[in-house]
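J.: Just so it is clear, I am handing over run-v4.cif, which has mmCIF, C-alpha atoms.
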```cif
data_upload
loop_
_atom_site.group_PDB
_atom_site.id
_atom_site.type_symbol
_atom_site.label_atom_id
_atom_site.label_comp_id
_atom_site.auth_asym_id
_atom_site.auth_seq_id
_atom_site.Cartn_x
_atom_site.Cartn_y
_atom_site.Cartn_z
ATOM 1 C CA MET A 1 102.518 170.495 70.512
ATOM 2 C CA LEU A 2 102.396 169.441 74.154
ATOM 3 C CA ARG A 3 99.862 166.606 74.506
ATOM 4 C CA LEU A 4 98.071 166.117 77.803
ATOM 5 C CA GLY A 5 97.648 162.512 78.893
ATOM 6 C CA GLU A 6 100.311 161.086 76.590
ATOM 7 C CA LYS A 7 103.947 160.085 76.731
ATOM 8 C CA GLN A 8 106.187 162.340 74.664
ATOM 9 C CA GLN A 9 109.820 162.739 73.714
ATOM 10 C CA LEU A 10 110.692 166.310 74.706
ATOM 11 C CA GLU A 11 113.903 168.346 74.682
ATOM 12 C CA ILE A 12 115.414 170.098 77.685
ATOM 13 C CA VAL A 13 115.469 173.790 76.680
ATOM 14 C CA LYS A 14 116.263 175.433 80.019
ATOM 15 C CA LYS A 15 117.593 174.450 83.463
ATOM 16 C CA VAL A 16 116.432 176.230 86.626
ATOM 17 C CA ASP A 17 116.907 175.575 90.345
ATOM 18 C CA PHE A 18 113.534 173.856 90.649
ATOM 19 C CA GLY A 19 113.797 171.636 87.547
ATOM 20 C CA VAL A 20 114.067 171.840 83.769
ATOM 21 C CA TYR A 21 111.779 173.173 81.080
ATOM 22 C CA LEU A 22 110.919 170.881 78.194
ATOM 23 C CA ALA A 23 109.635 171.606 74.702
ATOM 24 C CA GLU A 24 109.202 169.798 71.424
ATOM 25 C CA GLU A 25 112.538 169.212 69.750
ATOM 26 C CA GLY A 26 113.529 172.185 67.617
ATOM 27 C CA MET A 27 110.655 174.367 68.881
ATOM 28 C CA GLY A 28 112.704 176.452 71.306
ATOM 29 C CA GLN A 29 110.778 177.766 74.313
ATOM 30 C CA GLU A 30 107.550 178.844 72.619
ATOM 31 C CA GLU A 31 105.539 176.134 74.351
ATOM 32 C CA ARG A 32 107.220 174.504 77.287
ATOM 33 C CA VAL A 33 106.441 172.485 80.398
ATOM 34 C CA LEU A 34 108.225 172.067 83.712
ATOM 35 C CA LEU A 35 109.790 168.802 84.841
ATOM 36 C CA PRO A 36 110.348 169.205 88.621
ATOM 37 C CA ALA A 37 113.910 168.793 89.910
ATOM 38 C CA LYS A 38 113.182 165.533 91.751
ATOM 39 C CA GLN A 39 112.090 164.013 88.416
ATOM 40 C CA VAL A 40 115.122 165.130 86.377
ATOM 41 C CA PRO A 41 117.555 162.268 85.626
ATOM 42 C CA GLU A 42 121.013 162.848 87.072
ATOM 43 C CA GLY A 43 123.443 164.377 84.598
ATOM 44 C CA SER A 44 120.740 165.758 82.276
ATOM 45 C CA ARG A 45 121.783 168.747 80.168
ATOM 46 C CA VAL A 46 120.139 171.287 77.879
ATOM 47 C CA GLY A 47 119.549 169.610 74.530
ATOM 48 C CA ASP A 48 118.911 166.149 76.009
ATOM 49 C CA ILE A 49 115.722 164.316 75.005
ATOM 50 C CA LEU A 50 113.560 162.834 77.756
ATOM 51 C CA GLU A 51 110.447 160.670 77.612
ATOM 52 C CA VAL A 52 107.821 162.171 79.900
ATOM 53 C CA PHE A 53 104.098 162.006 80.625
ATOM 54 C CA LEU A 54 102.076 165.217 80.776
ATOM 55 C CA TYR A 55 99.289 165.809 83.288
ATOM 56 C CA ARG A 56 98.061 168.566 85.606
ATOM 57 C CA ASP A 57 99.281 169.037 89.167
ATOM 58 C CA SER A 58 97.184 169.868 92.252
ATOM 59 C CA GLN A 59 97.038 173.505 91.095
ATOM 60 C CA ASP A 60 95.898 172.502 87.595
ATOM 61 C CA ARG A 61 99.206 173.474 86.012
ATOM 62 C CA LEU A 62 100.489 171.395 83.099
ATOM 63 C CA ILE A 63 103.475 169.424 84.377
ATOM 64 C CA ALA A 64 105.765 166.637 83.189
ATOM 65 C CA THR A 65 106.869 163.500 84.982
ATOM 66 C CA THR A 66 109.331 160.728 84.171
ATOM 67 C CA ARG A 67 107.289 158.317 86.300
ATOM 68 C CA GLN A 68 105.271 155.757 84.374
ATOM 69 C CA PRO A 69 101.499 156.134 84.884
ATOM 70 C CA ALA A 70 99.368 152.998 84.848
ATOM 71 C CA LEU A 71 97.177 154.561 82.178
ATOM 72 C CA VAL A 72 97.487 156.928 79.186
ATOM 73 C CA LEU A 73 94.882 158.229 76.749
ATOM 74 C CA GLY A 74 93.528 155.482 74.511
ATOM 75 C CA GLN A 75 94.218 152.666 76.979
ATOM 76 C CA THR A 76 92.292 150.777 79.659
ATOM 77 C CA ALA A 77 93.634 149.675 83.028
ATOM 78 C CA GLU A 78 92.459 148.290 86.354
ATOM 79 C CA LEU A 79 93.111 150.838 89.104
ATOM 80 C CA THR A 80 92.511 150.792 92.857
ATOM 81 C CA VAL A 81 90.195 153.245 94.610
ATOM 82 C CA VAL A 82 92.229 154.965 97.348
ATOM 83 C CA GLN A 83 89.448 157.196 98.646
ATOM 84 C CA THR A 84 86.027 158.601 97.843
ATOM 85 C CA GLY A 85 84.797 162.169 98.177
ATOM 86 C CA ARG A 86 81.951 164.535 97.392
ATOM 87 C CA ILE A 87 82.790 164.721 93.652
ATOM 88 C CA GLY A 88 83.729 161.098 93.026
ATOM 89 C CA ALA A 89 86.413 158.513 93.724
ATOM 90 C CA PHE A 90 90.177 158.893 93.538
ATOM 91 C CA LEU A 91 92.299 156.195 91.931
ATOM 92 C CA ASP A 92 95.954 155.275 92.329
ATOM 93 C CA TRP A 93 97.588 155.420 88.898
ATOM 94 C CA GLY A 94 101.232 155.668 89.931
ATOM 95 C CA LEU A 95 101.562 159.469 90.042
ATOM 96 C CA GLU A 96 101.690 161.914 92.946
ATOM 97 C CA LYS A 97 98.215 163.277 92.230
ATOM 98 C CA ASP A 98 95.490 160.637 92.313
ATOM 99 C CA LEU A 99 93.153 160.298 89.338
ATOM 100 C CA LEU A 100 89.551 161.464 89.738
ATOM 101 C CA LEU A 101 86.704 159.162 88.723
ATOM 102 C CA PRO A 102 83.674 161.506 88.776
ATOM 103 C CA PHE A 103 80.323 160.159 89.951
ATOM 104 C CA LYS A 104 78.834 160.710 86.489
ATOM 105 C CA GLU A 105 81.491 158.416 84.974
ATOM 106 C CA GLN A 106 80.790 155.534 87.368
ATOM 107 C CA LYS A 107 78.739 152.620 86.028
ATOM 108 C CA LYS A 108 78.163 151.528 89.632
ATOM 109 C CA LYS A 109 79.065 152.942 93.020
ATOM 110 C CA VAL A 110 82.669 152.249 93.969
ATOM 111 C CA ASN A 111 84.269 152.083 97.408
ATOM 112 C CA THR A 112 87.759 152.419 98.846
ATOM 113 C CA GLY A 113 89.806 149.342 97.991
ATOM 114 C CA ASP A 114 87.750 148.408 94.913
ATOM 115 C CA LYS A 115 89.583 147.628 91.689
ATOM 116 C CA VAL A 116 87.881 149.317 88.741
ATOM 117 C CA LEU A 117 88.459 149.121 85.009
ATOM 118 C CA VAL A 118 88.756 152.614 83.539
ATOM 119 C CA SER A 119 89.959 154.735 80.634
ATOM 120 C CA LEU A 120 91.235 158.312 80.560
ATOM 121 C CA TYR A 121 89.460 161.320 79.119
ATOM 122 C CA ILE A 122 89.975 165.098 79.160
ATOM 123 C CA ASP A 123 87.092 166.955 80.798
ATOM 124 C CA LYS A 124 85.699 170.391 79.930
ATOM 125 C CA SER A 125 88.234 172.026 82.248
ATOM 126 C CA LYS A 126 91.113 170.373 80.350
ATOM 127 C CA ARG A 127 91.886 168.006 83.205
ATOM 128 C CA LEU A 128 92.518 164.282 83.021
ATOM 129 C CA CYS A 129 89.790 162.147 84.592
ATOM 130 C CA ALA A 130 88.840 158.483 84.626
ATOM 131 C CA THR A 131 85.707 156.906 83.181
ATOM 132 C CA MET A 132 84.222 153.436 83.509
ATOM 133 C CA ASN A 133 82.915 153.777 79.939
ATOM 134 C CA VAL A 134 85.833 151.826 78.470
ATOM 135 C CA TYR A 135 84.133 150.640 75.255
ATOM 136 C CA PRO A 136 85.746 153.228 72.898
ATOM 137 C CA ASN A 137 89.236 152.185 74.008
ATOM 138 C CA LEU A 138 88.893 148.409 73.899
ATOM 139 C CA ARG A 139 91.001 146.683 71.277
ATOM 140 C CA THR A 140 89.796 144.335 68.533
ATOM 141 C CA ASP A 141 93.120 142.608 67.777
ATOM 142 C CA SER A 142 92.974 139.857 70.373
ATOM 143 C CA PRO A 143 94.960 136.643 69.833
ATOM 144 C CA TYR A 144 91.927 134.485 70.640
ATOM 145 C CA GLN A 145 90.101 132.076 68.343
ATOM 146 C CA LYS A 146 86.861 130.083 68.437
ATOM 147 C CA ASP A 147 86.578 127.798 71.492
ATOM 148 C CA ASP A 148 89.435 129.484 73.378
ATOM 149 C CA ARG A 149 88.793 130.054 77.069
ATOM 150 C CA VAL A 150 89.055 133.667 78.203
ATOM 151 C CA ARG A 151 88.552 135.794 81.296
ATOM 152 C CA GLY A 152 87.267 139.360 81.447
ATOM 153 C CA ARG A 153 85.490 142.108 83.351
ATOM 154 C CA VAL A 154 81.782 142.823 82.794
ATOM 155 C CA TYR A 155 81.729 146.595 82.252
ATOM 156 C CA GLU A 156 78.170 147.099 81.004
ATOM 157 C CA ILE A 157 74.901 145.146 80.919
ATOM 158 C CA SER A 158 72.292 145.906 78.263
ATOM 159 C CA GLY A 159 68.747 144.604 78.305
ATOM 160 C CA ASN A 160 68.831 144.515 74.507
ATOM 161 C CA PHE A 161 72.268 143.102 73.780
ATOM 162 C CA GLY A 162 73.623 141.254 76.803
ATOM 163 C CA ALA A 163 76.763 141.673 78.895
ATOM 164 C CA PHE A 164 79.713 143.585 77.497
ATOM 165 C CA VAL A 165 83.042 142.150 78.607
ATOM 166 C CA ALA A 166 86.572 143.554 78.536
ATOM 167 C CA VAL A 167 88.560 140.374 77.887
ATOM 168 C CA ASP A 168 91.934 140.574 79.663
ATOM 169 C CA ASN A 169 90.768 144.103 80.542
ATOM 170 C CA GLN A 170 91.624 145.232 77.011
ATOM 171 C CA TYR A 171 89.755 143.349 74.250
ATOM 172 C CA SER A 172 86.124 143.908 73.190
ATOM 173 C CA GLY A 173 83.746 141.034 73.913
ATOM 174 C CA LEU A 174 80.013 140.433 74.304
ATOM 175 C CA ILE A 175 77.965 137.701 75.959
ATOM 176 C CA PRO A 176 74.712 137.929 73.938
ATOM 177 C CA LYS A 177 71.463 138.150 75.857
ATOM 178 C CA LYS A 178 70.528 134.607 74.803
ATOM 179 C CA GLU A 179 73.734 133.307 76.416
ATOM 180 C CA LEU A 180 73.191 134.947 79.810
ATOM 181 C CA TYR A 181 72.446 132.373 82.492
ATOM 182 C CA GLY A 182 72.347 132.754 86.241
ATOM 183 C CA ARG A 183 73.490 136.040 87.728
ATOM 184 C CA VAL A 184 76.043 138.046 85.772
ATOM 185 C CA GLU A 185 76.744 141.316 87.537
ATOM 186 C CA LEU A 186 78.316 144.586 86.505
ATOM 187 C CA GLY A 187 81.956 144.791 87.577
ATOM 188 C CA GLU A 188 82.474 141.060 88.104
ATOM 189 C CA ASP A 189 85.067 138.908 86.366
ATOM 190 C CA VAL A 190 83.740 136.021 84.288
ATOM 191 C CA GLU A 191 85.255 133.050 82.537
ATOM 192 C CA ALA A 192 83.871 132.388 79.079
ATOM 193 C CA ARG A 193 84.335 130.517 75.821
ATOM 194 C CA VAL A 194 84.864 132.294 72.509
ATOM 195 C CA VAL A 195 81.912 131.372 70.311
ATOM 196 C CA LYS A 196 82.890 133.538 67.367
ATOM 197 C CA VAL A 197 85.449 136.115 66.301
ATOM 198 C CA HIS A 198 83.579 138.694 64.204
ATOM 199 C CA GLU A 199 85.065 140.292 61.098
ATOM 200 C CA ASP A 200 85.719 143.484 63.042
ATOM 201 C CA GLY A 201 87.711 141.506 65.625
ATOM 202 C CA LYS A 202 85.158 141.701 68.438
ATOM 203 C CA LEU A 203 84.626 138.517 70.419
ATOM 204 C CA GLU A 204 81.281 136.799 70.901
ATOM 205 C CA LEU A 205 81.347 134.875 74.163
ATOM 206 C CA SER A 206 79.391 132.275 76.061
ATOM 207 C CA ILE A 207 79.564 131.324 79.719
ATOM 208 C CA ARG A 208 78.057 127.965 78.767
ATOM 209 C CA GLU A 209 80.000 124.933 77.616
ATOM 210 C CA LYS A 210 79.419 123.111 74.322
ATOM 211 C CA ALA A 211 76.028 121.369 74.343
ATOM 212 C CA TYR A 212 77.198 117.809 75.064
ATOM 213 C CA ILE A 213 79.439 118.993 77.936
ATOM 214 C CA GLN A 214 76.832 121.390 79.253
ATOM 215 C CA MET A 215 74.167 118.689 79.311
ATOM 216 C CA GLU A 216 76.213 116.630 81.758
ATOM 217 C CA LYS A 217 76.963 119.730 83.818
ATOM 218 C CA ASP A 218 73.302 120.768 83.903
ATOM 219 C CA ALA A 219 72.264 117.264 84.943
ATOM 220 C CA GLN A 220 74.668 117.345 87.881
ATOM 221 C CA GLU A 221 73.472 120.820 88.890
ATOM 222 C CA LEU A 222 69.851 119.655 88.733
ATOM 223 C CA LEU A 223 70.684 116.637 90.894
ATOM 224 C CA SER A 224 72.414 118.891 93.424
ATOM 225 C CA LEU A 225 69.377 121.175 93.463
ATOM 226 C CA LEU A 226 67.130 118.194 94.163
ATOM 227 C CA GLU A 227 69.349 117.163 97.077
ATOM 228 C CA GLN A 228 69.192 120.700 98.495
ATOM 229 C CA LYS A 229 65.386 120.698 98.215
ATOM 230 C CA GLY A 230 64.918 117.365 99.965
ATOM 231 C CA GLY A 231 64.537 115.300 96.789
ATOM 232 C CA ARG A 232 61.556 117.161 95.304
ATOM 233 C CA LEU A 233 61.193 120.123 92.945
ATOM 234 C CA PRO A 234 57.693 121.671 92.604
ATOM 235 C CA PHE A 235 57.892 121.906 88.806
ATOM 236 C CA ASN A 236 58.813 119.667 85.883
ATOM 237 C CA ASP A 237 59.689 119.753 82.190
ATOM 238 C CA LYS A 238 56.152 120.868 81.303
ATOM 239 C CA SER A 239 56.387 123.996 83.470
ATOM 240 C CA SER A 240 56.756 127.443 81.947
ATOM 241 C CA PRO A 241 60.197 128.624 80.738
ATOM 242 C CA GLU A 242 60.020 131.496 83.260
ATOM 243 C CA ILE A 243 59.577 129.178 86.246
ATOM 244 C CA ILE A 244 62.342 126.882 85.024
ATOM 245 C CA ARG A 245 64.835 129.706 84.462
ATOM 246 C CA GLN A 246 63.942 131.379 87.756
ATOM 247 C CA ASN A 247 64.617 128.193 89.717
ATOM 248 C CA THR A 248 67.485 126.637 87.764
ATOM 249 C CA GLY A 249 69.075 129.340 85.585
ATOM 250 C CA MET A 250 68.534 127.078 82.550
ATOM 251 C CA SER A 251 66.479 127.534 79.423
ATOM 252 C CA LYS A 252 63.550 125.137 79.021
ATOM 253 C CA ASN A 253 65.393 123.111 76.354
ATOM 254 C CA GLU A 254 68.497 122.779 78.526
ATOM 255 C CA PHE A 255 66.339 121.774 81.480
ATOM 256 C CA LYS A 256 64.562 119.122 79.426
ATOM 257 C CA ARG A 257 67.889 117.698 78.240
ATOM 258 C CA ALA A 258 69.141 117.549 81.832
ATOM 259 C CA VAL A 259 65.916 115.864 82.965
ATOM 260 C CA GLY A 260 66.188 113.354 80.124
ATOM 261 C CA ASN A 261 69.772 112.590 81.142
ATOM 262 C CA LEU A 262 68.743 111.894 84.747
ATOM 263 C CA LEU A 263 65.686 109.861 83.709
ATOM 264 C CA LYS A 264 67.852 107.671 81.500
ATOM 265 C CA ALA A 265 70.243 107.168 84.399
ATOM 266 C CA GLY A 266 67.320 106.171 86.658
ATOM 267 C CA LYS A 267 68.026 108.958 89.174
ATOM 268 C CA ILE A 268 64.680 110.788 89.000
ATOM 269 C CA GLU A 269 61.045 110.315 88.142
ATOM 270 C CA ILE A 270 58.469 112.764 86.840
ATOM 271 C CA ALA A 271 55.342 113.362 88.907
ATOM 272 C CA GLU A 272 52.445 115.716 88.284
ATOM 273 C CA ASN A 273 53.887 119.241 88.607
ATOM 274 C CA ALA A 274 57.038 117.885 90.235
ATOM 275 C CA ILE A 275 60.325 116.022 89.854
ATOM 276 C CA LEU A 276 61.305 113.443 92.455
ATOM 277 C CA MET A 277 64.704 111.992 93.229
ATOM 278 C CA ILE A 278 64.814 108.187 93.335
#
```
What's the structure tokens form of this structure?
T.:
Amino acid sequence: MLRLGEKQQLEIVKKVDFGVYLAEEGMGQEERVLLPAKQVPEGSRVGDILEVFLYRDSQDRLIATTRQPALVLGQTAELTVVQTGRIGAFLDWGLEKDLLLPFKEQKKKVNTGDKVLVSLYIDKSKRLCATMNVYPNLRTDSPYQKDDRVRGRVYEISGNFGAFVAVDNQYSGLIPKKELYGRVELGEDVEARVVKVHEDGKLELSIREKAYIQMEKDAQELLSLLEQKGGRLPFNDKSSPEIIRQNTGMSKNEFKRAVGNLLKAGKIEIAENAILMI
């Protein structure tokens, strides 16, 4: 069976002026596909086996190529947007015909020059297209362990769960909602720490350091914020968690630990509804 979107080992069953026809080994010419002449390796003969990738050309005809696409079914890859049009964006994936990323498969609007993380799927018209919904094709066999540092692309943000991350653009990870601090945006790359490797292999991540390291970091960030604001912040450790997070990106407990650190160091003092730099 000829499989669209996959690499296959196929046999040359017929040579013609404009290329060779390929079919599954031992299947004769019942189901065959053309490999254009410019793609045929020099010296190829009937009976030879070639590894090819199957896709559809500009006229929607099934065709083979010996070129290596950047992406096959079941994988994820970062591709560059080469142009946008009325039906979506077109991505460079190493083949003559660019890959369509339909508007309905875009998690956010993309522009020419953007690098987007995508997977392949076959649409209702039996054509290969790209999708930014990469979750089904992310792997769960990463080499990472607890406390390892990783880098990945945020491919979805959920109000219920947090930020979903494709670690190394291929492994499934999640920054839980409780671990989201500051601005984490769809499509951006983040550096994180592995908090846990679940039984199913998925990675739980945090963009925060371990508590004792983070406390020092938060204290320095709070001091820098005070300097930016002229040495006074119009809230203190008794203010609401919402005000604290809105102004500092910290939870109330983290803010209180940072304040305590700076108080102990004699760098700030607490006033009514304010913090002052000494």
J.: Using only C-alpha atoms, which residues of region 62-88 of chain A come within 12 Å of region 95-99 of chain A, and what is the closest atom pair for each, with the distance in Å to one decimal? Give it as JSON lines, sorted by chain and residue number.
T.:
```
{"residue": "A:Ile63", "atom": "CA", "partner": "A:Lys97", "partner_atom": "CA", "distance": 11.3}
{"residue": "A:Ala64", "atom": "CA", "partner": "A:Leu95", "partner_atom": "CA", "distance": 10.8}
{"residue": "A:Thr65", "atom": "CA", "partner": "A:Leu95", "partner_atom": "CA", "distance": 8.4}
{"residue": "A:Thr66", "atom": "CA", "partner": "A:Leu95", "partner_atom": "CA", "distance": 9.8}
{"residue": "A:Arg67", "atom": "CA", "partner": "A:Leu95", "partner_atom": "CA", "distance": 6.9}
{"residue": "A:Gln68", "atom": "CA", "partner": "A:Leu95", "partner_atom": "CA", "distance": 7.7}
{"residue": "A:Pro69", "atom": "CA", "partner": "A:Leu95", "partner_atom": "CA", "distance": 6.1}
{"residue": "A:Ala70", "atom": "CA", "partner": "A:Leu95", "partner_atom": "CA", "distance": 8.6}
{"residue": "A:Leu71", "atom": "CA", "partner": "A:Leu99", "partner_atom": "CA", "distance": 10.0}
{"residue": "A:Val72", "atom": "CA", "partner": "A:Leu99", "partner_atom": "CA", "distance": 11.5}
{"residue": "A:Leu79", "atom": "CA", "partner": "A:Leu99", "partner_atom": "CA", "distance": 9.5}
{"residue": "A:Thr80", "atom": "CA", "partner": "A:Leu99", "partner_atom": "CA", "distance": 10.2}
{"residue": "A:Val81", "atom": "CA", "partner": "A:Leu99", "partner_atom": "CA", "distance": 9.3}
{"residue": "A:Val82", "atom": "CA", "partner": "A:Asp98", "partner_atom": "CA", "distance": 8.3}
{"residue": "A:Gln83", "atom": "CA", "partner": "A:Asp98", "partner_atom": "CA", "distance": 9.4}
{"residue": "A:Thr84", "atom": "CA", "partner": "A:Asp98", "partner_atom": "CA", "distance": 11.1}
{"residue": "A:Gly88", "atom": "CA", "partner": "A:Leu99", "partner_atom": "CA", "distance": 10.2}
```
J.: To one decimal in Å, tell me the separation between CA of Val190 (chain A) and CA of Pro143 (chain A).
T.: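 Separation between CA of Val190 (chain A) and CA of Pro143 (chain A): 18.3 Å.
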J.: I'd like the interatomic distance between CA of Leu34 (chain A) and CA of Tyr21 (chain A), to a tenth of an Å.
T.: 4.6 Å
J.: Would you please work out which residue, of A:Phe18, A:Tyr171, A:Tyr55, A:Tyr155, is nearest to Gly201 (chain A) when using only C-alpha atoms?
T.: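 Checking each candidate against Gly201 (chain A), we get A:Tyr171 as the closest.
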J.: I'd like the interatomic distance between CA of Arg151 (chain A) and CA of Val184 (chain A), to a tenth of an Å.
T.: 13.5 Å
J.: Translate the PyMOL selection byres ((chain A and resi 106) around 12) into a concrete residue list for this structure, as a PyMOL selection string.
T.: chain A and resi 87-90+100-105+107-111+116-119+129-134+155-156+186-187
J.: Excluding region 221-227 of chain A and any residue of its chain fewer than 3 positions from it, enumerate the residues within 9 Å of it, using only C-alpha atoms, and give them as an mmCIF file with C-alpha atoms, in the coordinates of the input.
T.:
```
data_model
loop_
_atom_site.group_PDB
_atom_site.id
_atom_site.type_symbol
_atom_site.label_atom_id
_atom_site.label_comp_id
_atom_site.auth_asym_id
_atom_site.auth_seq_id
_atom_site.Cartn_x
_atom_site.Cartn_y
_atom_site.Cartn_z
ATOM 1 C CA GLU A 216 76.213 116.630 81.758
ATOM 2 C CA LYS A 217 76.963 119.730 83.818
ATOM 3 C CA ASP A 218 73.302 120.768 83.903
ATOM 4 C CA GLY A 230 64.918 117.365 99.965
ATOM 5 C CA GLY A 231 64.537 115.300 96.789
ATOM 6 C CA ARG A 232 61.556 117.161 95.304
ATOM 7 C CA LEU A 233 61.193 120.123 92.945
ATOM 8 C CA THR A 248 67.485 126.637 87.764
ATOM 9 C CA PHE A 255 66.339 121.774 81.480
ATOM 10 C CA ALA A 258 69.141 117.549 81.832
ATOM 11 C CA VAL A 259 65.916 115.864 82.965
ATOM 12 C CA LEU A 262 68.743 111.894 84.747
ATOM 13 C CA LYS A 267 68.026 108.958 89.174
ATOM 14 C CA ILE A 268 64.680 110.788 89.000
ATOM 15 C CA ILE A 275 60.325 116.022 89.854
ATOM 16 C CA LEU A 276 61.305 113.443 92.455
ATOM 17 C CA MET A 277 64.704 111.992 93.229
#
```
J.: Taking all atoms listed in the file into account, which of A:Ser251, A:Asn137, A:Asn160, A:Asn273 comes nearest Phe235 (chain A)?
T.: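 Looking at the shortest contact to Phe235 (chain A), the residue is A:Asn273.
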J.: What's around Asp147 (chain A) at 10 Å? Count only C-alpha atoms, leave out sequence neighbours fewer than 4 positions away in its own chain, and write the answer as JSON, numbers by chain.
T.: {"A": [192, 193, 194, 195, 196, 197, 205, 206, 209, 210]}
J.: Those same residues, written as a PDB file, in the frame of the given file with C-alpha atoms?
T.:
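Output file result-v1.pdb follows:
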```
ATOM      1  CA  ALA A 192      83.871 132.388  79.079  1.00  0.00           C
ATOM      2  CA  ARG A 193      84.335 130.517  75.821  1.00  0.00           C
ATOM      3  CA  VAL A 194      84.864 132.294  72.509  1.00  0.00           C
ATOM      4  CA  VAL A 195      81.912 131.372  70.311  1.00  0.00           C
ATOM      5  CA  LYS A 196      82.890 133.538  67.367  1.00  0.00           C
ATOM      6  CA  VAL A 197      85.449 136.115  66.301  1.00  0.00           C
ATOM      7  CA  LEU A 205      81.347 134.875  74.163  1.00  0.00           C
ATOM      8  CA  SER A 206      79.391 132.275  76.061  1.00  0.00           C
ATOM      9  CA  GLU A 209      80.000 124.933  77.616  1.00  0.00           C
ATOM     10  CA  LYS A 210      79.419 123.111  74.322  1.00  0.00           C
TER      11      LYS A 210
END
```
J.: Is it possible to get the axis-aligned box enclosing region 49-58 of chain A (all listed atoms, 3 Å extra per side) as JSON, with centre and edge lengths in Å rounded to one decimal?
T.:
```
{"center_x": 106.5, "center_y": 165.3, "center_z": 83.6, "size_x": 24.5, "size_y": 15.2, "size_z": 23.2}
```
J.: Quick one: everything within 7 Å of Arg127 (chain A), counting only C-alpha atoms, minus sequence neighbours fewer than 3 positions away in the same chain. Send it as a PyMOL selection string.
T.: chain A and resi 56+122-123
